[in-house]
>>> print(open('protein_39.pdb').read())   # PDB, C-alpha atoms, pLDDT in the B column
ATOM      1  CA  MET A   1     107.681  87.727  73.941  1.00 62.00           C
ATOM      2  CA  PRO A   2     105.471  89.963  76.093  1.00 78.00           C
ATOM      3  CA  GLU A   3     101.829  90.240  75.204  1.00 89.00           C
ATOM      4  CA  LYS A   4     100.624  93.424  73.471  1.00 92.00           C
ATOM      5  CA  LEU A   5      98.402  95.541  75.700  1.00 93.00           C
ATOM      6  CA  PHE A   6      95.980  98.351  74.934  1.00 94.00           C
ATOM      7  CA  PRO A   7      96.441 100.822  73.138  1.00 93.00           C
ATOM      8  CA  GLU A   8      98.778  98.740  70.966  1.00 94.00           C
ATOM      9  CA  ARG A   9      96.255  95.882  71.121  1.00 94.00           C
ATOM     10  CA  GLN A  10      93.136  96.817  69.172  1.00 94.00           C
ATOM     11  CA  ARG A  11      91.018  93.668  69.622  1.00 95.00           C
ATOM     12  CA  CYS A  12      89.774  91.752  72.667  1.00 94.00           C
ATOM     13  CA  LYS A  13      91.911  88.706  73.344  1.00 94.00           C
ATOM     14  CA  ALA A  14      88.852  86.538  74.071  1.00 95.00           C
ATOM     15  CA  CYS A  15      86.132  87.607  71.610  1.00 95.00           C
ATOM     16  CA  ALA A  16      88.032  89.788  69.079  1.00 95.00           C
ATOM     17  CA  LYS A  17      85.682  92.787  69.504  1.00 94.00           C
ATOM     18  CA  LYS A  18      87.175  96.279  69.144  1.00 94.00           C
ATOM     19  CA  LEU A  19      88.976  97.544  72.247  1.00 93.00           C
ATOM     20  CA  GLY A  20      88.903 100.960  73.847  1.00 87.00           C
ATOM     21  CA  GLY A  21      86.575 103.310  72.065  1.00 86.00           C
ATOM     22  CA  PRO A  22      86.137 106.782  73.595  1.00 87.00           C
ATOM     23  CA  GLY A  23      85.446 106.234  77.295  1.00 85.00           C
ATOM     24  CA  ALA A  24      85.067 102.463  76.851  1.00 92.00           C
ATOM     25  CA  PRO A  25      86.755 100.425  79.578  1.00 93.00           C
ATOM     26  CA  VAL A  26      89.557  97.998  78.777  1.00 95.00           C
ATOM     27  CA  TYR A  27      90.087  95.197  81.289  1.00 95.00           C
ATOM     28  CA  LEU A  28      93.632  94.063  82.171  1.00 95.00           C
ATOM     29  CA  GLY A  29      94.812  95.749  78.978  1.00 94.00           C
ATOM     30  CA  LEU A  30      93.486  92.797  76.935  1.00 95.00           C
ATOM     31  CA  HIS A  31      89.703  92.475  77.157  1.00 95.00           C
ATOM     32  CA  CYS A  32      86.518  94.361  76.295  1.00 94.00           C
ATOM     33  CA  SER A  33      84.384  93.153  79.214  1.00 94.00           C
ATOM     34  CA  PRO A  34      84.745  91.681  82.699  1.00 95.00           C
ATOM     35  CA  ARG A  35      83.369  88.400  81.350  1.00 95.00           C
ATOM     36  CA  CYS A  36      86.081  88.168  78.664  1.00 95.00           C
ATOM     37  CA  ALA A  37      88.708  89.004  81.317  1.00 94.00           C
ATOM     38  CA  GLY A  38      87.411  86.314  83.668  1.00 94.00           C
ATOM     39  CA  LEU A  39      86.397  88.879  86.281  1.00 94.00           C
ATOM     40  CA  ALA A  40      83.174  89.266  88.234  1.00 93.00           C
ATOM     41  CA  GLU A  41      81.130  92.370  87.450  1.00 93.00           C
ATOM     42  CA  PRO A  42      82.712  95.205  89.508  1.00 93.00           C
ATOM     43  CA  HIS A  43      80.728  96.722  92.376  1.00 93.00           C
ATOM     44  CA  ALA A  44      78.823  99.921  91.625  1.00 94.00           C
ATOM     45  CA  ASP A  45      79.202 101.150  95.233  1.00 94.00           C
ATOM     46  CA  ALA A  46      82.723 102.088  96.352  1.00 93.00           C
ATOM     47  CA  ALA A  47      81.986 101.104  99.967  1.00 92.00           C
ATOM     48  CA  ALA A  48      81.351  97.500  98.863  1.00 93.00           C
ATOM     49  CA  ALA A  49      84.462  97.304  96.637  1.00 93.00           C
ATOM     50  CA  PRO A  50      87.703  95.732  97.917  1.00 92.00           C
ATOM     51  CA  ARG A  51      90.392  97.988  99.375  1.00 89.00           C
ATOM     52  CA  GLU A  52      92.631  97.757  96.286  1.00 91.00           C
ATOM     53  CA  CYS A  53      89.955  99.533  94.218  1.00 93.00           C
ATOM     54  CA  LYS A  54      88.942 102.341  96.588  1.00 91.00           C
ATOM     55  CA  THR A  55      90.448 105.162  98.596  1.00 88.00           C
ATOM     56  CA  ASP A  56      89.331 107.159 101.601  1.00 86.00           C
ATOM     57  CA  ARG A  57      88.720 110.808 100.737  1.00 86.00           C
ATOM     58  CA  GLY A  58      87.435 112.980 103.521  1.00 84.00           C
ATOM     59  CA  GLY A  59      86.057 110.048 105.532  1.00 85.00           C
ATOM     60  CA  ARG A  60      84.177 108.667 102.519  1.00 90.00           C
ATOM     61  CA  TRP A  61      85.079 105.743 100.232  1.00 92.00           C
ATOM     62  CA  GLU A  62      85.550 106.619  96.570  1.00 92.00           C
ATOM     63  CA  PHE A  63      86.783 104.553  93.647  1.00 94.00           C
ATOM     64  CA  LYS A  64      90.420 105.045  92.720  1.00 93.00           C
ATOM     65  CA  ARG A  65      91.108 106.594  89.333  1.00 93.00           C
ATOM     66  CA  ARG A  66      91.032 103.943  86.614  1.00 94.00           C
ATOM     67  CA  TYR A  67      93.545 103.822  83.784  1.00 94.00           C
ATOM     68  CA  ARG A  68      93.269 101.530  80.764  1.00 94.00           C
ATOM     69  CA  SER A  69      97.013 101.561  80.023  1.00 93.00           C
ATOM     70  CA  GLU A  70     100.295 102.895  81.398  1.00 91.00           C
ATOM     71  CA  SER A  71     100.270 105.597  78.724  1.00 91.00           C
ATOM     72  CA  GLU A  72      97.083 107.072  80.266  1.00 92.00           C
ATOM     73  CA  ILE A  73      98.807 107.606  83.628  1.00 90.00           C
ATOM     74  CA  PRO A  74      99.873 111.272  83.853  1.00 88.00           C
ATOM     75  CA  GLY A  75     103.516 111.772  82.914  1.00 85.00           C
ATOM     76  CA  ASN A  76     104.497 113.345  86.231  1.00 81.00           C
ATOM     77  CA  LEU A  77     103.341 110.198  88.067  1.00 81.00           C
ATOM     78  CA  ARG A  78     104.726 107.780  85.465  1.00 80.00           C
ATOM     79  CA  ASP A  79     108.182 109.419  85.558  1.00 76.00           C
ATOM     80  CA  ASP A  80     108.397 109.628  89.354  1.00 72.00           C
ATOM     81  CA  PRO A  81     110.405 106.620  90.624  1.00 67.00           C
ATOM     82  CA  THR A  82     108.487 106.621  93.913  1.00 67.00           C
ATOM     83  CA  THR A  83     105.136 106.004  92.208  1.00 78.00           C
ATOM     84  CA  ASN A  84     103.889 102.514  91.550  1.00 80.00           C
ATOM     85  CA  TRP A  85     100.804 101.244  89.772  1.00 87.00           C
ATOM     86  CA  TYR A  86      99.109  97.875  89.677  1.00 90.00           C
ATOM     87  CA  TRP A  87      96.379  95.934  87.894  1.00 92.00           C
ATOM     88  CA  CYS A  88      93.325  95.770  90.137  1.00 92.00           C
ATOM     89  CA  THR A  89      91.893  92.264  90.412  1.00 93.00           C
ATOM     90  CA  HIS A  90      88.445  93.709  91.115  1.00 94.00           C
ATOM     91  CA  CYS A  91      87.864  96.154  88.247  1.00 95.00           C
ATOM     92  CA  GLY A  92      90.644  95.065  85.861  1.00 94.00           C
ATOM     93  CA  HIS A  93      92.119  98.571  85.482  1.00 95.00           C
ATOM     94  CA  LEU A  94      95.391 100.174  86.529  1.00 94.00           C
ATOM     95  CA  HIS A  95      95.414 102.116  89.796  1.00 93.00           C
ATOM     96  CA  ILE A  96      98.097 104.273  91.350  1.00 89.00           C
ATOM     97  CA  GLY A  97      99.424 102.879  94.623  1.00 81.00           C
ATOM     98  CA  HIS A  98     101.157 104.921  97.289  1.00 67.00           C
ATOM     99  CA  SER A  99     103.447 107.389  95.624  1.00 61.00           C
ATOM    100  CA  ARG A 100     105.313 108.741  98.647  1.00 61.00           C
ATOM    101  CA  ILE A 101     105.801 107.623 102.201  1.00 61.00           C
ATOM    102  CA  ASP A 102     104.271 110.125 104.603  1.00 61.00           C
ATOM    103  CA  LEU A 103     106.513 109.840 107.648  1.00 58.00           C
ATOM    104  CA  ALA A 104     104.122 111.997 109.667  1.00 62.00           C
ATOM    105  CA  ARG A 105     101.311 109.437 109.243  1.00 66.00           C
ATOM    106  CA  GLU A 106     103.006 106.092 108.635  1.00 64.00           C
ATOM    107  CA  THR A 107     104.773 104.727 111.724  1.00 72.00           C
ATOM    108  CA  HIS A 108     105.500 101.156 110.669  1.00 75.00           C
ATOM    109  CA  ARG A 109     105.365  98.853 107.683  1.00 75.00           C
ATOM    110  CA  VAL A 110     105.576  95.067 107.540  1.00 78.00           C
ATOM    111  CA  LEU A 111     107.751  93.928 104.661  1.00 82.00           C
ATOM    112  CA  GLY A 112     106.869  90.479 103.363  1.00 81.00           C
ATOM    113  CA  ASP A 113     109.447  90.074 100.600  1.00 86.00           C
ATOM    114  CA  ARG A 114     112.390  91.592  98.767  1.00 89.00           C
ATOM    115  CA  ALA A 115     110.117  93.599  96.461  1.00 86.00           C
ATOM    116  CA  ALA A 116     108.491  95.309  99.465  1.00 85.00           C
ATOM    117  CA  LEU A 117     111.927  96.247 100.840  1.00 90.00           C
ATOM    118  CA  ALA A 118     113.004  97.651  97.476  1.00 89.00           C
ATOM    119  CA  ASP A 119     109.731  99.602  97.201  1.00 85.00           C
ATOM    120  CA  LEU A 120     110.226 101.076 100.692  1.00 87.00           C
ATOM    121  CA  LEU A 121     113.778 102.175  99.863  1.00 90.00           C
ATOM    122  CA  VAL A 122     112.819 103.780  96.535  1.00 87.00           C
ATOM    123  CA  LYS A 123     109.879 105.658  98.023  1.00 84.00           C
ATOM    124  CA  THR A 124     111.862 106.838 101.025  1.00 86.00           C
ATOM    125  CA  ARG A 125     114.655 108.124  98.761  1.00 87.00           C
ATOM    126  CA  GLY A 126     112.095 110.315  96.998  1.00 82.00           C
ATOM    127  CA  ARG A 127     113.676 112.708  94.511  1.00 82.00           C
ATOM    128  CA  ALA A 128     117.200 112.367  95.899  1.00 88.00           C
ATOM    129  CA  THR A 129     119.672 110.710  93.538  1.00 91.00           C
ATOM    130  CA  HIS A 130     121.478 107.458  94.226  1.00 94.00           C
ATOM    131  CA  LYS A 131     124.725 109.414  94.383  1.00 95.00           C
ATOM    132  CA  GLN A 132     123.401 111.871  96.994  1.00 93.00           C
ATOM    133  CA  VAL A 133     122.109 109.145  99.315  1.00 93.00           C
ATOM    134  CA  ALA A 134     125.195 106.955  98.836  1.00 94.00           C
ATOM    135  CA  GLU A 135     127.485 109.872  99.695  1.00 95.00           C
ATOM    136  CA  VAL A 136     125.690 110.509 102.995  1.00 93.00           C
ATOM    137  CA  ALA A 137     125.535 106.765 103.784  1.00 94.00           C
ATOM    138  CA  LYS A 138     129.255 106.407 102.850  1.00 96.00           C
ATOM    139  CA  ILE A 139     128.572 103.593 100.388  1.00 96.00           C
ATOM    140  CA  ARG A 140     128.989 103.253  96.641  1.00 96.00           C
ATOM    141  CA  PRO A 141     125.912 104.264  94.563  1.00 95.00           C
ATOM    142  CA  ILE A 142     125.836 100.789  92.961  1.00 95.00           C
ATOM    143  CA  ARG A 143     125.170  99.292  96.423  1.00 95.00           C
ATOM    144  CA  LEU A 144     122.071 101.466  96.774  1.00 95.00           C
ATOM    145  CA  LYS A 145     120.908 100.436  93.292  1.00 94.00           C
ATOM    146  CA  GLU A 146     121.340  96.777  94.282  1.00 94.00           C
ATOM    147  CA  LEU A 147     119.218  97.359  97.397  1.00 95.00           C
ATOM    148  CA  GLU A 148     116.463  99.003  95.320  1.00 92.00           C
ATOM    149  CA  ASP A 149     116.411  96.210  92.712  1.00 91.00           C
ATOM    150  CA  PRO A 150     113.674  93.735  93.743  1.00 89.00           C
ATOM    151  CA  THR A 151     115.055  91.073  91.377  1.00 89.00           C
ATOM    152  CA  GLY A 152     118.694  91.349  92.464  1.00 85.00           C
ATOM    153  CA  GLU A 153     120.245  88.145  93.727  1.00 84.00           C
ATOM    154  CA  LYS A 154     122.602  89.740  96.243  1.00 88.00           C
ATOM    155  CA  PHE A 155     122.980  92.870  98.307  1.00 90.00           C
ATOM    156  CA  ASP A 156     125.315  94.180 100.983  1.00 94.00           C
ATOM    157  CA  VAL A 157     123.671  93.974 104.403  1.00 94.00           C
ATOM    158  CA  ASN A 158     126.049  96.611 105.802  1.00 96.00           C
ATOM    159  CA  ALA A 159     124.976  98.952 102.991  1.00 96.00           C
ATOM    160  CA  LEU A 160     121.329  98.273 103.898  1.00 95.00           C
ATOM    161  CA  PHE A 161     121.899  99.320 107.504  1.00 95.00           C
ATOM    162  CA  ALA A 162     123.854 102.410 106.400  1.00 95.00           C
ATOM    163  CA  VAL A 163     121.006 103.480 104.106  1.00 94.00           C
ATOM    164  CA  LEU A 164     118.378 102.775 106.765  1.00 94.00           C
ATOM    165  CA  ALA A 165     120.336 105.002 109.171  1.00 92.00           C
ATOM    166  CA  VAL A 166     120.359 107.836 106.619  1.00 92.00           C
ATOM    167  CA  TYR A 167     116.583 107.458 106.145  1.00 89.00           C
ATOM    168  CA  ARG A 168     116.124 107.230 109.947  1.00 88.00           C
ATOM    169  CA  ILE A 169     114.394 103.879 109.588  1.00 89.00           C
ATOM    170  CA  LYS A 170     114.857 101.210 112.229  1.00 89.00           C
ATOM    171  CA  LEU A 171     114.616  97.566 111.292  1.00 88.00           C
ATOM    172  CA  ALA A 172     112.236  95.499 113.421  1.00 85.00           C
ATOM    173  CA  ALA A 173     110.970  91.942 113.418  1.00 82.00           C
ATOM    174  CA  VAL A 174     107.374  90.858 113.887  1.00 76.00           C
ATOM    175  CA  LEU A 175     107.333  87.725 116.012  1.00 80.00           C
ATOM    176  CA  ARG A 176     104.237  85.592 115.800  1.00 73.00           C
ATOM    177  CA  GLN A 177     103.440  83.140 118.519  1.00 64.00           C
ATOM    178  CA  GLU A 178     102.123  79.895 117.121  1.00 66.00           C
ATOM    179  CA  GLY A 179      99.324  78.489 119.263  1.00 60.00           C
ATOM    180  CA  ALA A 180      99.050  81.372 121.722  1.00 55.00           C
ATOM    181  CA  GLY A 181      98.343  80.233 125.225  1.00 53.00           C
ATOM    182  CA  ARG A 182     100.588  77.157 125.105  1.00 52.00           C
ATOM    183  CA  ALA A 183     103.293  76.815 127.704  1.00 49.00           C
TER     184      ALA A 183
END
>>> encode(input="protein_39.pdb", output="structure tokens")
Amino acid sequence: MPEKLFPERQRCKACAKKLGGPGAPVYLGLHCSPRCAGLAEPHADAAAAPRECKTDRGGRWEFKRRYRSESEIPGNLRDDPTTNWYWCTHCGHLHIGHSRIDLARETHRVLGDRAALADLLVKTRGRATHKQVAEVAKIRPIRLKELEDPTGEKFDVNALFAVLAVYRIKLAAVLRQEGAGRA
């Protein structure tokens, strides 16, 4: 059974103090302090914080918006299938990740696993429906859903290439040379 998180959880998992008063931070949805959550005290300066906790705004580092629970994320972002959020390991709060792929700025992306591929496909699809994309790619909509499911056990490789062609994405491989300089 999944663990209850704030706001459903009202007490700290570690020390049983009250969670989430007005403006009070809640760490990882379970704890009242970084110490209870097993986290180091977060940096006070955004420039010193890790990349997952900050964003570049106008050439200056600023902290990303912090959310104590999924319910605090604005509805328009929460309902958009291209938006993802994650628990920050630095500050213990939820942050919004990339919500759309900006093809004018992003030229390449290295995909390390199936979840990254699924994320790329969902974000590239944007607000188009599965049916609309599948019709243009000449595949069944269920094949597109299988491609976008990061936990799926199988997918049609031909469907993947058809969808990539519709999105105008070219598949590439990053080849690493082990022990550069060896003959």
>>> residues_around(input="protein_39.pdb", residues="region 152-169 of chain A", least_positions_apart="3", cutoff="9 Å", atoms="only C-alpha atoms", output="ChimeraX atom specification")
/A:114,121,124-125,133-134,136-140,143-144,146-149
>>> resolve_selection(input="protein_39.pdb", expression="the PyMOL selection byres ((chain A and resi 35) around 12)", output="MDAnalysis selection string")
chainID A and resid 12:15 26:28 30:34 36:42 91:92
>>> atom_distance(input="protein_39.pdb", atom1="CA of Ser69 (chain A)", atom2="CA of Leu94 (chain A)")
6.8 Å
>>> resolve_selection(input="protein_39.pdb", expression="the PyMOL selection byres ((chain A and resi 45-62) around 7)", output="mmCIF file with C-alpha atoms, in the frame of the given file")
data_model
loop_
_atom_site.group_PDB
_atom_site.id
_atom_site.type_symbol
_atom_site.label_atom_id
_atom_site.label_comp_id
_atom_site.auth_asym_id
_atom_site.auth_seq_id
_atom_site.Cartn_x
_atom_site.Cartn_y
_atom_site.Cartn_z
ATOM 1 C CA HIS A 43 80.728 96.722 92.376
ATOM 2 C CA ALA A 44 78.823 99.921 91.625
ATOM 3 C CA PHE A 63 86.783 104.553 93.647
ATOM 4 C CA LYS A 64 90.420 105.045 92.720
ATOM 5 C CA CYS A 88 93.325 95.770 90.137
ATOM 6 C CA HIS A 90 88.445 93.709 91.115
#
>>> closest_residue(input="protein_39.pdb", among="A:Ala115, A:Leu175, A:Ile142, A:Leu5", to="Ser71 (chain A)", atoms="only C-alpha atoms")
A:Leu5
>>> atom_distance(input="protein_39.pdb", atom1="CA of Leu117 (chain A)", atom2="CA of Val174 (chain A)")
14.8 Å
